[in-house]
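Participant: Input query-v9.cif, format and content: mmCIF, C-alpha atoms and all ligand atoms.
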data_entry
#
loop_
_atom_site.label_atom_id
_atom_site.label_comp_id
_atom_site.auth_asym_id
_atom_site.auth_seq_id
_atom_site.Cartn_x
_atom_site.Cartn_y
_atom_site.Cartn_z
CA MET A 1 114.19 106.33 116.92
CA SER A 2 113.39 103.48 114.54
CA ALA A 3 115.21 103.05 111.29
CA THR A 4 113.80 104.29 108.00
CA LEU A 5 112.42 101.37 106.01
CA LEU A 6 111.05 103.16 102.96
CA GLU A 7 112.00 106.57 101.67
CA VAL A 8 110.69 108.37 98.61
CA THR A 9 112.25 111.60 97.45
CA GLY A 10 110.93 114.04 94.88
CA LEU A 11 108.60 111.41 93.48
CA THR A 12 106.64 112.63 90.47
CA CYS A 13 104.39 110.79 88.03
CA ARG A 14 103.00 112.45 84.95
CA PHE A 15 100.48 110.83 82.67
CA ALA A 16 99.48 112.56 79.44
CA GLY A 17 98.09 115.86 80.68
CA VAL A 18 97.86 114.86 84.37
CA THR A 19 100.44 115.10 87.13
CA ALA A 20 99.17 112.26 89.32
CA VAL A 21 101.94 112.61 91.94
CA ALA A 22 103.97 115.80 92.29
CA ASP A 23 107.37 116.10 93.98
CA LEU A 24 106.43 113.90 96.92
CA SER A 25 108.90 113.03 99.68
CA PHE A 26 108.22 111.03 102.84
CA GLN A 27 109.48 108.10 104.91
CA VAL A 28 108.03 104.99 106.48
CA LYS A 29 109.86 103.91 109.62
CA ALA A 30 110.31 100.25 110.49
CA GLY A 31 107.35 99.11 112.59
CA GLU A 32 105.16 102.05 111.61
CA ILE A 33 101.64 102.21 110.17
CA LYS A 34 101.54 105.23 107.91
CA ALA A 35 98.29 106.17 106.22
CA VAL A 36 97.98 107.99 102.92
CA ILE A 37 94.64 109.73 102.56
CA GLY A 38 93.13 112.18 100.12
CA PRO A 39 90.12 112.62 97.86
CA ASN A 40 89.62 110.45 94.76
CA GLY A 41 92.23 111.23 92.15
CA ALA A 42 94.72 112.47 94.77
CA GLY A 43 97.38 110.05 93.49
CA LYS A 44 97.29 107.36 96.19
CA SER A 45 97.07 104.32 93.91
CA THR A 46 99.65 105.80 91.54
CA LEU A 47 101.99 106.19 94.51
CA PHE A 48 101.52 102.51 95.38
CA ASN A 49 102.08 101.50 91.77
CA MET A 50 105.38 103.38 91.73
CA ILE A 51 106.54 101.81 95.01
CA ALA A 52 105.55 98.31 93.85
CA GLY A 53 107.18 98.85 90.46
CA VAL A 54 104.13 98.77 88.20
CA THR A 55 104.34 102.43 87.21
CA ARG A 56 107.63 104.15 86.46
CA PRO A 57 108.15 107.51 88.18
CA SER A 58 108.75 110.47 85.87
CA GLU A 59 111.14 111.87 88.48
CA GLY A 60 112.42 111.06 91.94
CA ALA A 61 113.76 108.02 93.73
CA ILE A 62 112.55 105.22 96.03
CA PHE A 63 114.77 103.61 98.66
CA LEU A 64 114.21 100.48 100.74
CA ASP A 65 116.64 100.20 103.65
CA GLY A 66 118.73 102.87 102.02
CA ALA A 67 119.12 100.96 98.73
CA ARG A 68 117.63 102.49 95.63
CA ILE A 69 114.85 100.25 94.26
CA ASP A 70 113.02 102.34 91.66
CA PRO A 71 115.07 100.94 88.75
CA LEU A 72 114.24 97.36 89.84
CA PRO A 73 111.47 95.21 88.35
CA THR A 74 108.38 94.35 90.40
CA PHE A 75 109.45 90.79 91.30
CA GLU A 76 112.79 92.02 92.62
CA ARG A 77 111.02 94.54 94.87
CA ALA A 78 108.75 91.71 96.08
CA ARG A 79 111.83 89.62 96.78
CA ARG A 80 113.24 92.47 98.84
CA GLY A 81 110.12 92.57 100.96
CA ILE A 82 107.45 94.79 99.42
CA ALA A 83 103.98 93.23 99.13
CA ARG A 84 100.66 94.80 98.26
CA THR A 85 96.93 94.41 97.99
CA PHE A 86 94.84 96.10 95.33
CA GLN A 87 92.04 98.66 95.45
CA ASN A 88 90.12 96.41 93.07
CA LEU A 89 90.38 92.83 94.23
CA GLN A 90 92.77 90.75 92.17
CA ILE A 91 91.75 87.24 93.11
CA PHE A 92 92.14 84.33 90.71
CA ARG A 93 88.58 83.04 90.96
CA GLU A 94 89.07 79.70 89.20
CA MET A 95 92.09 78.81 91.32
CA THR A 96 91.62 77.40 94.81
CA VAL A 97 91.93 79.56 97.90
CA LEU A 98 95.22 77.83 98.75
CA GLU A 99 96.60 78.29 95.22
CA ASN A 100 95.81 82.01 95.47
CA VAL A 101 97.93 82.26 98.61
CA MET A 102 100.72 80.24 97.00
CA VAL A 103 100.91 82.74 94.14
CA GLY A 104 102.20 85.16 96.78
CA ARG A 105 105.01 82.75 97.68
CA HIS A 106 105.89 82.07 94.06
CA LEU A 107 106.62 85.77 93.62
CA VAL A 108 109.55 85.40 95.97
CA GLY A 109 110.33 81.68 95.50
CA ARG A 110 113.60 80.45 94.07
CA ALA A 111 112.24 78.28 91.26
CA THR A 112 112.97 79.64 87.82
CA THR A 113 110.52 78.92 85.01
CA LEU A 114 112.75 76.16 83.65
CA THR A 115 113.27 74.27 86.93
CA ALA A 116 109.55 74.71 87.65
CA MET A 117 108.69 73.16 84.26
CA LEU A 118 111.02 70.24 84.86
CA ARG A 119 109.55 69.83 88.35
CA THR A 120 112.86 68.83 89.85
CA PRO A 121 112.82 67.28 93.36
CA ALA A 122 113.95 70.64 94.73
CA VAL A 123 110.98 72.35 93.10
CA ARG A 124 108.56 69.73 94.42
CA ALA A 125 109.99 70.12 97.92
CA GLU A 126 109.61 73.88 97.61
CA GLU A 127 105.99 73.47 96.52
CA ARG A 128 105.28 71.30 99.57
CA THR A 129 106.81 73.93 101.84
CA MET A 130 104.74 76.61 100.11
CA ALA A 131 101.54 74.64 100.54
CA GLU A 132 102.26 74.14 104.25
CA ALA A 133 103.07 77.79 104.76
CA GLY A 134 99.95 78.71 102.77
CA MET A 135 97.76 76.49 104.94
CA ALA A 136 99.24 78.04 108.09
CA LEU A 137 98.28 81.49 106.80
CA LEU A 138 94.77 80.36 105.89
CA GLU A 139 94.36 78.92 109.38
CA ARG A 140 95.45 82.19 110.90
CA PHE A 141 92.80 84.05 108.87
CA GLY A 142 90.00 81.52 109.36
CA LEU A 143 90.00 80.35 105.74
CA ALA A 144 91.60 76.90 106.14
CA GLY A 145 88.23 75.17 105.72
CA ARG A 146 87.90 76.78 102.28
CA ALA A 147 91.47 75.98 101.14
CA HIS A 148 90.51 73.62 98.31
CA GLN A 149 87.45 75.47 97.05
CA PRO A 150 87.61 77.87 94.14
CA ALA A 151 88.37 81.37 95.42
CA GLY A 152 85.39 82.64 93.42
CA ALA A 153 83.10 80.90 95.93
CA LEU A 154 84.26 83.13 98.80
CA SER A 155 82.28 86.13 100.01
CA PHE A 156 83.62 89.58 99.14
CA GLY A 157 84.91 90.05 102.69
CA GLN A 158 86.69 86.69 102.62
CA MET A 159 88.31 87.64 99.29
CA LYS A 160 89.66 90.82 100.92
CA VAL A 161 91.15 88.66 103.69
CA LEU A 162 92.53 86.21 101.11
CA GLU A 163 94.25 89.05 99.31
CA LEU A 164 95.88 90.08 102.56
CA ALA A 165 96.95 86.48 103.22
CA ARG A 166 98.47 86.29 99.75
CA ALA A 167 100.41 89.51 100.34
CA LEU A 168 101.77 88.01 103.57
CA ALA A 169 102.74 84.71 101.95
CA GLY A 170 106.06 86.08 100.77
CA ALA A 171 106.96 87.17 104.34
CA PRO A 172 107.22 90.86 103.38
CA ARG A 173 108.63 93.65 105.53
CA LEU A 174 106.45 96.38 104.07
CA LEU A 175 102.76 95.91 103.29
CA LEU A 176 101.07 98.31 100.88
CA LEU A 177 97.33 98.07 101.56
CA ASP A 178 95.11 99.85 99.02
CA GLU A 179 91.69 100.34 100.64
CA PRO A 180 91.54 97.08 102.64
CA ALA A 181 88.17 98.05 104.17
CA ALA A 182 86.51 99.33 100.98
CA GLY A 183 83.12 97.71 100.47
CA LEU A 184 83.19 95.91 103.81
CA PRO A 185 80.29 96.21 106.24
CA HIS A 186 81.08 97.88 109.55
CA ALA A 187 81.83 94.73 111.57
CA GLU A 188 84.11 93.25 108.91
CA ALA A 189 85.94 96.57 108.49
CA ASP A 190 86.57 96.58 112.24
CA ARG A 191 87.85 93.02 112.07
CA MET A 192 90.17 94.00 109.20
CA ALA A 193 91.47 96.88 111.34
CA GLN A 194 92.14 94.43 114.19
CA THR A 195 93.99 92.14 111.81
CA ILE A 196 96.20 94.97 110.55
CA ARG A 197 96.87 96.10 114.12
CA GLY A 198 97.87 92.54 115.04
CA LEU A 199 100.27 92.30 112.09
CA ASN A 200 101.81 95.60 113.09
CA ARG A 201 102.23 94.45 116.71
CA ASP A 202 104.17 91.49 115.29
CA GLY A 203 106.48 94.00 113.63
CA MET A 204 104.98 94.55 110.19
CA SER A 205 105.40 98.00 108.63
CA VAL A 206 102.35 99.19 106.74
CA LEU A 207 101.55 101.89 104.22
CA LEU A 208 97.78 102.16 104.27
CA VAL A 209 95.48 103.84 101.76
CA GLU A 210 91.96 103.95 103.16
CA HIS A 211 88.81 106.09 103.03
CA ASN A 212 87.40 104.64 106.25
CA MET A 213 88.50 107.46 108.58
CA ARG A 214 87.66 105.54 111.75
CA MET A 215 90.15 102.91 110.64
CA VAL A 216 92.76 105.44 109.55
CA MET A 217 92.54 107.48 112.75
CA SER A 218 92.61 104.46 115.05
CA LEU A 219 95.42 102.54 113.32
CA SER A 220 97.90 105.07 112.00
CA HIS A 221 100.99 106.37 113.71
CA ASP A 222 101.32 109.01 111.05
CA ILE A 223 99.03 110.32 108.31
CA LEU A 224 100.06 111.82 104.98
CA VAL A 225 97.36 113.82 103.20
CA LEU A 226 97.50 114.22 99.43
CA ASN A 227 95.43 116.38 97.14
CA ASN A 228 96.01 116.60 93.40
CA GLY A 229 99.22 114.60 93.82
CA ARG A 230 100.70 116.99 96.39
CA ARG A 231 101.25 116.67 100.10
CA ILE A 232 98.98 119.11 101.91
CA ALA A 233 99.56 117.84 105.46
CA GLU A 234 101.35 115.19 107.46
CA GLY A 235 101.20 114.32 111.12
CA SER A 236 99.21 112.61 113.86
CA ALA A 237 95.46 112.04 113.63
CA ASP A 238 94.81 115.16 115.72
CA GLU A 239 97.15 117.34 113.70
CA VAL A 240 95.69 116.23 110.39
CA ARG A 241 92.06 116.44 111.52
CA SER A 242 92.35 120.09 112.43
CA HIS A 243 94.41 121.16 109.41
CA PRO A 244 92.52 123.81 107.39
CA GLU A 245 93.74 122.59 103.98
CA VAL A 246 92.67 119.05 104.81
CA LEU A 247 89.21 120.22 105.76
CA SER A 248 88.82 122.20 102.55
CA ALA A 249 90.15 119.35 100.38
CA TYR A 250 87.54 117.01 101.86
CA LEU A 251 84.71 119.48 101.87
CA GLY A 252 85.60 120.45 98.31
CA GLU A 253 85.35 124.18 99.22
P1 LIG B 1 93.62 107.87 93.91
O1 LIG B 1 94.07 106.45 94.08
O2 LIG B 1 94.10 108.78 94.98
O3 LIG B 1 92.12 107.97 93.75
P2 LIG B 1 94.98 107.72 91.35
O4 LIG B 1 96.41 107.51 91.69
O5 LIG B 1 94.20 106.54 90.91
O6 LIG B 1 94.24 108.46 92.56
O7 LIG B 1 94.89 108.82 90.22
C1 LIG B 1 95.57 110.06 90.27
C2 LIG B 1 95.37 110.81 88.97
O8 LIG B 1 96.09 110.16 87.93
C3 LIG B 1 93.93 110.88 88.50
O9 LIG B 1 93.73 112.13 87.88
C4 LIG B 1 93.85 109.76 87.51
O10 LIG B 1 92.84 110.02 86.54
C5 LIG B 1 95.23 109.79 86.89
N1 LIG B 1 95.67 108.47 86.41
C6 LIG B 1 95.87 107.38 87.18
N2 LIG B 1 96.31 106.34 86.45
C7 LIG B 1 96.39 106.80 85.16
C8 LIG B 1 96.81 106.22 83.92
N3 LIG B 1 97.22 104.96 83.85
N4 LIG B 1 96.77 107.00 82.82
C9 LIG B 1 96.36 108.29 82.89
N5 LIG B 1 95.97 108.89 84.03
C10 LIG B 1 95.99 108.17 85.15
MG MG B 2 93.03 104.71 94.37
#
As structure tokens - that is how I would like this structure written.
Facilitator:
Amino acid sequence: MSATLLEVTGLTCRFAGVTAVADLSFQVKAGEIKAVIGPNGAGKSTLFNMIAGVTRPSEGAIFLDGARIDPLPTFERARRGIARTFQNLQIFREMTVLENVMVGRHLVGRATTLTAMLRTPAVRAEERTMAEAGMALLERFGLAGRAHQPAGALSFGQMKVLELARALAGAPRLLLLDEPAAGLPHAEADRMAQTIRGLNRDGMSVLLVEHNMRMVMSLSHDILVLNNGRRIAEGSADEVRSHPEVLSAYLGE
């Protein structure tokens, strides 16, 4: 039995007139890939936003390693090991590829705004370390040759990989991946799946939102199915695939 890394209990998010997530409870175990699937509007991105600290839950609680984190600001959750990618790419196109990765380190770096402005020797040393760590990540993902080019010059698939590299730059323990294969051609989606599998083999815990069912079924240890903000099923690929409510949610009855 592995330890629980993330736990959400009774999580609810209401926007004016819409309950995006309703009384949701689940756990992510350390070392697990858990997928969250469901039709558009099911509440998947809202769930990620609540875990990352961008959207405040209306009710419920979020725990990382048993410590309550939902009152904490986003940067503090990042510092504690939660990193994410976005459904819609959030790449800084005018910045270089390397600078984009370093943004991920800055989120968890020690430098305060004042020491960063003064560029103390400690800050400069930290920046050098960040650049080296950033280059190592780019090498791992085959982007080192593009390090000093503007990120806007990358292909869409390379930007998806860059976003993943940036999420990893802060050495997180839990990766929230919001549709990492969306918009990727078949071969690149398969490569992304391999990359995620490799990260998981190295110990990374992953919460994965994805519409590419081949990827979800082949990667996930456990699958949570949402519809209209509610859990309708949870279990292994086989259990979820044959669940009547899942079939009707996807076929739209
Ligand atoms: P998914 O990612 O599963 O497609 P979302 O979490 O984006 O679903 O959306 C869930 C529901 O919440 C939808 O009905 C959506 O319109 C609504 N919603 C999401 N964000 C907001 C917001 N900021 N304000 C109002 N409604 C929102
Ligand atoms: Mg979404």
Participant: Name the closest residue to ligand MG 2 (chain B) among the candidates A:Lys44, A:Arg93, A:Arg77, A:Arg68; distances are taken between atoms, counting only C-alpha atoms and all ligand atoms.
Facilitator: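 Residue with the minimum atom-to-atom distance to ligand MG 2 (chain B): A:Lys44.
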Participant: Got a sec: who's within 9 Å of Gly183 (chain A), counting only C-alpha atoms, leaving out chain neighbours fewer than 5 positions off, as an MDAnalysis selection string?
Facilitator: chainID A and resid 156:157 189
Participant: What's the 10 Å shell around Tyr250 (chain A), counting only C-alpha atoms, without same-chain residues fewer than 5 positions away, as JSON, numbers by chain?
Facilitator: {"A": [38, 39, 40, 227, 245]}
Participant: What gap, in Å, lies between CA of Val8 (chain A) and CA of Phe26 (chain A)?
Facilitator: 5.6 Å
Participant: Take every atom of ligand LIG 1 (chain B) listed in the file, fit an axis-aligned box around them, add 5 Å per side, and give the centre and edge lengths in Å to one decimal as JSON.
Facilitator:
{"center_x": 94.7, "center_y": 108.5, "center_z": 88.9, "size_x": 15.1, "size_y": 17.2, "size_z": 22.2}
Participant: Take the point (93.9, 84.9, 113.7) in the file's coordinates, draw a sphere of radius 10 Å around it, and report as a ChimeraX atom specification every protein, DNA or RNA residue with an atom inside or on it, counting all atoms listed in the file.
Facilitator: /A:137-143,194-195,198-199
Participant: Which residues are near ligand MG 2 (chain B) - at most 8 Å, using all atoms listed in the file? Format: as an MDAnalysis selection string.
Facilitator: chainID A and resid 40:46 87 178:179 209
Participant: With all atoms listed in the file as the basis for distance, which of A:Ala20, A:Val240, A:Gly10, A:Thr74 is at the shortest distance from ligand LIG 1 (chain B)?
Facilitator: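 The shortest atom-to-atom distance to ligand LIG 1 (chain B) comes from A:Ala20.
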Participant: Check the smallest atom-to-atom distance from each of A:Leu168, A:Ala3, A:Val36, A:Ala249 to ligand LIG 1 (chain B) using all atoms listed in the file, then report the winner.
Facilitator: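 Nearest to ligand LIG 1 (chain B): A:Val36.
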Participant: Give me, please, the distance in Å between CA of Ile91 (chain A) and CA of Ser220 (chain A), quoted to one decimal.
Facilitator: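 Result for CA of Ile91 (chain A) versus CA of Ser220 (chain A): 26.7 Å, one decimal.
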Participant: CA of Asn49 (chain A) to atom N2 of ligand LIG 1 (chain B): how many Å, to one decimal?
Facilitator: 9.2 Å
Participant: Go through A:Leu24, A:Met192, A:Val18, A:Val246 one by one, measure the shortest atom-to-atom distance of each to ligand LIG 1 (chain B) using all atoms listed in the file, and give the residue with the smallest value.
Facilitator: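 Ranked by minimum distance to ligand LIG 1 (chain B), first place goes to A:Val18.
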Participant: From the options A:Ser242, A:Ser2, A:Thr96, A:Asn228, which residue's atoms come nearest to ligand LIG 1 (chain B), counting only C-alpha atoms and all ligand atoms?
Facilitator: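 Of A:Ser242, A:Ser2, A:Thr96, A:Asn228, the one nearest ligand LIG 1 (chain B), counting only C-alpha atoms and all ligand atoms, is A:Asn228.
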Participant: Using the structure block above, produce a file of region 18-134 of chain A that contains C-alpha atoms, as a PDB file, in the first residue's frame.
Facilitator:
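Output below, filename result_19.pdb:
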ATOM      1  CA  VAL A  18     -23.377  26.474 -12.299  1.00  0.00           C
ATOM      2  CA  THR A  19     -22.062  23.830  -9.933  1.00  0.00           C
ATOM      3  CA  ALA A  20     -18.847  22.985 -11.781  1.00  0.00           C
ATOM      4  CA  VAL A  21     -17.651  20.423  -9.208  1.00  0.00           C
ATOM      5  CA  ALA A  22     -20.046  18.793  -6.745  1.00  0.00           C
ATOM      6  CA  ASP A  23     -19.068  17.102  -3.477  1.00  0.00           C
ATOM      7  CA  LEU A  24     -16.077  15.311  -4.969  1.00  0.00           C
ATOM      8  CA  SER A  25     -13.779  13.110  -2.875  1.00  0.00           C
ATOM      9  CA  PHE A  26     -10.834  11.038  -4.091  1.00  0.00           C
ATOM     10  CA  GLN A  27      -7.159  10.313  -3.449  1.00  0.00           C
ATOM     11  CA  VAL A  28      -3.973  10.143  -5.477  1.00  0.00           C
ATOM     12  CA  LYS A  29      -1.449   7.689  -4.073  1.00  0.00           C
ATOM     13  CA  ALA A  30       2.274   8.369  -4.257  1.00  0.00           C
ATOM     14  CA  GLY A  31       3.633   6.933  -7.503  1.00  0.00           C
ATOM     15  CA  GLU A  32       0.221   6.657  -9.139  1.00  0.00           C
ATOM     16  CA  ILE A  33      -1.090   7.944 -12.473  1.00  0.00           C
ATOM     17  CA  LYS A  34      -4.725   8.794 -11.947  1.00  0.00           C
ATOM     18  CA  ALA A  35      -6.804   9.995 -14.877  1.00  0.00           C
ATOM     19  CA  VAL A  36      -9.803  12.279 -14.645  1.00  0.00           C
ATOM     20  CA  ILE A  37     -12.081  11.931 -17.644  1.00  0.00           C
ATOM     21  CA  GLY A  38     -15.514  13.188 -18.579  1.00  0.00           C
ATOM     22  CA  PRO A  39     -17.319  15.106 -21.308  1.00  0.00           C
ATOM     23  CA  ASN A  40     -16.681  18.823 -21.887  1.00  0.00           C
ATOM     24  CA  GLY A  41     -17.971  20.874 -18.998  1.00  0.00           C
ATOM     25  CA  ALA A  42     -17.633  17.953 -16.559  1.00  0.00           C
ATOM     26  CA  GLY A  43     -15.505  20.080 -14.207  1.00  0.00           C
ATOM     27  CA  LYS A  44     -12.024  18.698 -14.904  1.00  0.00           C
ATOM     28  CA  SER A  45     -10.217  22.014 -15.412  1.00  0.00           C
ATOM     29  CA  THR A  46     -12.057  23.561 -12.463  1.00  0.00           C
ATOM     30  CA  LEU A  47     -10.833  20.659 -10.323  1.00  0.00           C
ATOM     31  CA  PHE A  48      -7.241  21.356 -11.418  1.00  0.00           C
ATOM     32  CA  ASN A  49      -7.667  25.061 -10.746  1.00  0.00           C
ATOM     33  CA  MET A  50      -8.822  24.309  -7.205  1.00  0.00           C
ATOM     34  CA  ILE A  51      -5.906  21.937  -6.552  1.00  0.00           C
ATOM     35  CA  ALA A  52      -3.376  24.412  -7.967  1.00  0.00           C
ATOM     36  CA  GLY A  53      -4.931  27.285  -6.025  1.00  0.00           C
ATOM     37  CA  VAL A  54      -6.271  29.411  -8.867  1.00  0.00           C
ATOM     38  CA  THR A  55      -9.930  28.845  -8.022  1.00  0.00           C
ATOM     39  CA  ARG A  56     -11.221  28.805  -4.466  1.00  0.00           C
ATOM     40  CA  PRO A  57     -13.483  25.864  -3.577  1.00  0.00           C
ATOM     41  CA  SER A  58     -16.965  26.784  -2.354  1.00  0.00           C
ATOM     42  CA  GLU A  59     -16.790  23.809   0.011  1.00  0.00           C
ATOM     43  CA  GLY A  60     -14.473  20.958   0.892  1.00  0.00           C
ATOM     44  CA  ALA A  61     -10.789  20.532   1.607  1.00  0.00           C
ATOM     45  CA  ILE A  62      -7.562  19.573  -0.185  1.00  0.00           C
ATOM     46  CA  PHE A  63      -4.684  17.796   1.553  1.00  0.00           C
ATOM     47  CA  LEU A  64      -1.129  17.164   0.365  1.00  0.00           C
ATOM     48  CA  ASP A  65       0.693  14.588   2.495  1.00  0.00           C
ATOM     49  CA  GLY A  66      -2.014  14.987   5.092  1.00  0.00           C
ATOM     50  CA  ALA A  67      -1.529  18.759   5.432  1.00  0.00           C
ATOM     51  CA  ARG A  68      -4.394  20.997   4.431  1.00  0.00           C
ATOM     52  CA  ILE A  69      -3.389  23.176   1.457  1.00  0.00           C
ATOM     53  CA  ASP A  70      -6.610  24.727   0.169  1.00  0.00           C
ATOM     54  CA  PRO A  71      -6.148  27.938   2.204  1.00  0.00           C
ATOM     55  CA  LEU A  72      -2.633  28.391   0.757  1.00  0.00           C
ATOM     56  CA  PRO A  73      -1.754  30.651  -2.187  1.00  0.00           C
ATOM     57  CA  THR A  74      -0.687  29.147  -5.518  1.00  0.00           C
ATOM     58  CA  PHE A  75       3.062  29.749  -5.074  1.00  0.00           C
ATOM     59  CA  GLU A  76       3.045  28.017  -1.700  1.00  0.00           C
ATOM     60  CA  ARG A  77       1.365  24.955  -3.231  1.00  0.00           C
ATOM     61  CA  ALA A  78       4.004  25.010  -5.994  1.00  0.00           C
ATOM     62  CA  ARG A  79       6.695  25.188  -3.328  1.00  0.00           C
ATOM     63  CA  ARG A  80       5.179  22.140  -1.660  1.00  0.00           C
ATOM     64  CA  GLY A  81       5.395  20.187  -4.879  1.00  0.00           C
ATOM     65  CA  ILE A  82       2.329  20.729  -7.057  1.00  0.00           C
ATOM     66  CA  ALA A  83       3.033  21.650 -10.696  1.00  0.00           C
ATOM     67  CA  ARG A  84       0.709  21.844 -13.656  1.00  0.00           C
ATOM     68  CA  THR A  85       0.318  22.282 -17.374  1.00  0.00           C
ATOM     69  CA  PHE A  86      -2.618  24.050 -18.970  1.00  0.00           C
ATOM     70  CA  GLN A  87      -5.353  22.927 -21.346  1.00  0.00           C
ATOM     71  CA  ASN A  88      -4.601  26.028 -23.404  1.00  0.00           C
ATOM     72  CA  LEU A  89      -0.859  26.412 -23.782  1.00  0.00           C
ATOM     73  CA  GLN A  90       0.605  29.121 -21.581  1.00  0.00           C
ATOM     74  CA  ILE A  91       3.966  29.686 -23.196  1.00  0.00           C
ATOM     75  CA  PHE A  92       5.708  33.048 -23.072  1.00  0.00           C
ATOM     76  CA  ARG A  93       6.369  33.372 -26.798  1.00  0.00           C
ATOM     77  CA  GLU A  94       8.760  36.327 -26.685  1.00  0.00           C
ATOM     78  CA  MET A  95      10.918  34.719 -24.004  1.00  0.00           C
ATOM     79  CA  THR A  96      13.493  32.102 -24.945  1.00  0.00           C
ATOM     80  CA  VAL A  97      12.824  28.402 -24.549  1.00  0.00           C
ATOM     81  CA  LEU A  98      15.280  28.291 -21.634  1.00  0.00           C
ATOM     82  CA  GLU A  99      13.703  31.317 -19.940  1.00  0.00           C
ATOM     83  CA  ASN A 100      10.311  29.598 -20.169  1.00  0.00           C
ATOM     84  CA  VAL A 101      11.692  26.611 -18.282  1.00  0.00           C
ATOM     85  CA  MET A 102      13.354  28.869 -15.719  1.00  0.00           C
ATOM     86  CA  VAL A 103       9.999  30.474 -14.932  1.00  0.00           C
ATOM     87  CA  GLY A 104       9.075  27.074 -13.490  1.00  0.00           C
ATOM     88  CA  ARG A 105      12.084  27.194 -11.166  1.00  0.00           C
ATOM     89  CA  HIS A 106      11.414  30.774 -10.123  1.00  0.00           C
ATOM     90  CA  LEU A 107       8.029  29.681  -8.803  1.00  0.00           C
ATOM     91  CA  VAL A 108       9.787  27.655  -6.150  1.00  0.00           C
ATOM     92  CA  GLY A 109      13.096  29.576  -5.914  1.00  0.00           C
ATOM     93  CA  ARG A 110      14.195  31.352  -2.776  1.00  0.00           C
ATOM     94  CA  ALA A 111      14.802  34.806  -4.224  1.00  0.00           C
ATOM     95  CA  THR A 112      12.336  37.407  -3.041  1.00  0.00           C
ATOM     96  CA  THR A 113      11.454  40.283  -5.347  1.00  0.00           C
ATOM     97  CA  LEU A 114      13.790  42.631  -3.463  1.00  0.00           C
ATOM     98  CA  THR A 115      16.875  40.386  -3.491  1.00  0.00           C
ATOM     99  CA  ALA A 116      16.136  39.584  -7.142  1.00  0.00           C
ATOM    100  CA  MET A 117      16.045  43.317  -7.972  1.00  0.00           C
ATOM    101  CA  LEU A 118      19.308  43.924  -6.163  1.00  0.00           C
ATOM    102  CA  ARG A 119      20.818  40.914  -7.936  1.00  0.00           C
ATOM    103  CA  THR A 120      22.878  39.910  -4.940  1.00  0.00           C
ATOM    104  CA  PRO A 121      25.654  37.327  -5.486  1.00  0.00           C
ATOM    105  CA  ALA A 122      23.364  34.703  -3.970  1.00  0.00           C
ATOM    106  CA  VAL A 123      20.667  35.533  -6.513  1.00  0.00           C
ATOM    107  CA  ARG A 124      23.150  35.402  -9.395  1.00  0.00           C
ATOM    108  CA  ALA A 125      24.420  32.034  -8.194  1.00  0.00           C
ATOM    109  CA  GLU A 126      20.846  30.798  -7.971  1.00  0.00           C
ATOM    110  CA  GLU A 127      20.167  32.000 -11.521  1.00  0.00           C
ATOM    111  CA  ARG A 128      23.209  30.084 -12.780  1.00  0.00           C
ATOM    112  CA  THR A 129      22.000  26.939 -11.045  1.00  0.00           C
ATOM    113  CA  MET A 130      18.540  27.456 -12.544  1.00  0.00           C
ATOM    114  CA  ALA A 131      19.948  27.883 -16.035  1.00  0.00           C
ATOM    115  CA  GLU A 132      21.988  24.689 -15.681  1.00  0.00           C
ATOM    116  CA  ALA A 133      19.034  22.740 -14.373  1.00  0.00           C
ATOM    117  CA  GLY A 134      16.888  24.217 -17.153  1.00  0.00           C
TER     118      GLY A 134
END
